[in-house]
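One structure below.
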Amino acid sequence: VDSNDTSVNRIQFYLPHLGLGRNQLLNTNDYPDIVNAYKQYILQSALLLGAKNDSQTHQDIKNLIEFESKLANVLEFNQ
């Protein structure tokens, strides 16, 4: 496929850059200090962007880490 050929459409996917390493995301119980520091980093970033420090924000962070863990589980890449 020629990237300069405008008559052809294509979609490219690149591997994401996750906040933690794949092993850490797949084994969060083995890395509690790292995972907790990552949660605090996400929380501080969210607060700077105007989020409230409430149960919903903490649940969103938990959901984000669970999503990244699932994503790390299905992707094969080197970190």
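Ligands are numbered from 1 in the order shown, residues from 1 within each chain, and chains are lettered A, B, ... in the order they appear in the structure tokens.
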
Problem set entry | Polymer residues at most 9 Å from Leu25 in chain A, only C-alpha atoms, same-chain spacing of 3 or more positions, as a PyMOL selection string | chain A and resi 18-22+28+31+35+65-66+68-70+72-73

The selected residues should be written to file as an mmCIF file, in the first residue's frame (atoms: C-alpha atoms).
data_model
loop_
_atom_site.group_PDB
_atom_site.id
_atom_site.type_symbol
_atom_site.label_atom_id
_atom_site.label_comp_id
_atom_site.auth_asym_id
_atom_site.auth_seq_id
_atom_site.Cartn_x
_atom_site.Cartn_y
_atom_site.Cartn_z
ATOM 1 C CA LEU A 18 0.508 1.695 29.005
ATOM 2 C CA GLY A 19 1.182 3.449 32.294
ATOM 3 C CA LEU A 20 2.839 0.402 33.843
ATOM 4 C CA GLY A 21 4.802 -2.481 32.451
ATOM 5 C CA ARG A 22 2.920 -5.500 31.127
ATOM 6 C CA THR A 28 -0.810 -6.205 40.302
ATOM 7 C CA TYR A 31 3.663 -4.920 42.788
ATOM 8 C CA VAL A 35 0.429 0.105 41.460
ATOM 9 C CA ILE A 65 -6.199 0.007 35.706
ATOM 10 C CA GLU A 66 -8.471 -2.991 35.132
ATOM 11 C CA GLU A 68 -5.097 -1.524 31.048
ATOM 12 C CA SER A 69 -4.599 -4.961 32.640
ATOM 13 C CA LYS A 70 -7.028 -6.542 30.178
ATOM 14 C CA ALA A 72 -1.922 -5.887 28.445
ATOM 15 C CA ASN A 73 -3.262 -9.438 28.585
#

Problem set entry | Computed interatomic separation between CA of Leu47 in chain A and CA of Leu71 in chain A (Å) | 25.0 Å

Problem set entry | Residue set, chain A restricted to alpha helix (DSSP H), as a PyMOL selection string | chain A and resi 22-26+32-48+55-74

How about saving the chosen residues, C-alpha atoms kept, as a PDB file, in the first residue's frame?
ATOM      1  CA  ARG A  22       2.920  -5.500  31.127  1.00  0.00           C
ATOM      2  CA  ASN A  23       4.131  -7.767  33.938  1.00  0.00           C
ATOM      3  CA  GLN A  24       3.077  -5.225  36.566  1.00  0.00           C
ATOM      4  CA  LEU A  25      -0.387  -4.904  35.029  1.00  0.00           C
ATOM      5  CA  LEU A  26      -0.855  -8.654  34.786  1.00  0.00           C
ATOM      6  CA  PRO A  32       1.417  -3.124  45.318  1.00  0.00           C
ATOM      7  CA  ASP A  33       3.790  -0.183  45.861  1.00  0.00           C
ATOM      8  CA  ILE A  34       4.159   0.482  42.142  1.00  0.00           C
ATOM      9  CA  VAL A  35       0.429   0.105  41.460  1.00  0.00           C
ATOM     10  CA  ASN A  36      -0.470   2.409  44.364  1.00  0.00           C
ATOM     11  CA  ALA A  37       2.028   5.010  43.161  1.00  0.00           C
ATOM     12  CA  TYR A  38       0.481   4.779  39.683  1.00  0.00           C
ATOM     13  CA  LYS A  39      -2.992   5.262  41.174  1.00  0.00           C
ATOM     14  CA  GLN A  40      -1.754   8.357  43.017  1.00  0.00           C
ATOM     15  CA  TYR A  41      -0.184   9.688  39.819  1.00  0.00           C
ATOM     16  CA  ILE A  42      -3.489   9.240  37.968  1.00  0.00           C
ATOM     17  CA  LEU A  43      -5.414  10.833  40.844  1.00  0.00           C
ATOM     18  CA  GLN A  44      -3.116  13.861  41.015  1.00  0.00           C
ATOM     19  CA  SER A  45      -3.351  14.292  37.238  1.00  0.00           C
ATOM     20  CA  ALA A  46      -7.151  14.046  37.371  1.00  0.00           C
ATOM     21  CA  LEU A  47      -7.329  16.587  40.197  1.00  0.00           C
ATOM     22  CA  LEU A  48      -5.173  19.018  38.222  1.00  0.00           C
ATOM     23  CA  SER A  55     -15.556   7.812  45.268  1.00  0.00           C
ATOM     24  CA  GLN A  56     -16.438   8.130  41.563  1.00  0.00           C
ATOM     25  CA  THR A  57     -12.941   9.320  40.672  1.00  0.00           C
ATOM     26  CA  HIS A  58     -11.391   6.465  42.652  1.00  0.00           C
ATOM     27  CA  GLN A  59     -13.712   3.979  40.928  1.00  0.00           C
ATOM     28  CA  ASP A  60     -12.754   5.436  37.539  1.00  0.00           C
ATOM     29  CA  ILE A  61      -9.068   4.948  38.386  1.00  0.00           C
ATOM     30  CA  LYS A  62      -9.736   1.353  39.423  1.00  0.00           C
ATOM     31  CA  ASN A  63     -11.620   0.787  36.150  1.00  0.00           C
ATOM     32  CA  LEU A  64      -8.771   2.333  34.162  1.00  0.00           C
ATOM     33  CA  ILE A  65      -6.199   0.007  35.706  1.00  0.00           C
ATOM     34  CA  GLU A  66      -8.471  -2.991  35.132  1.00  0.00           C
ATOM     35  CA  PHE A  67      -8.858  -1.951  31.485  1.00  0.00           C
ATOM     36  CA  GLU A  68      -5.097  -1.524  31.048  1.00  0.00           C
ATOM     37  CA  SER A  69      -4.599  -4.961  32.640  1.00  0.00           C
ATOM     38  CA  LYS A  70      -7.028  -6.542  30.178  1.00  0.00           C
ATOM     39  CA  LEU A  71      -5.360  -4.724  27.305  1.00  0.00           C
ATOM     40  CA  ALA A  72      -1.922  -5.887  28.445  1.00  0.00           C
ATOM     41  CA  ASN A  73      -3.262  -9.438  28.585  1.00  0.00           C
ATOM     42  CA  VAL A  74      -4.327  -9.474  24.927  1.00  0.00           C
TER      43      VAL A  74
END

Problem set entry | Atomic separation - CA of Leu75 in chain A relative to CA of Asn27 in chain A, Å | 15.0 Å

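Straight-line separation from CA of Asn29 in chain A to CA of Glu76 in chain A: 21.0 Å.
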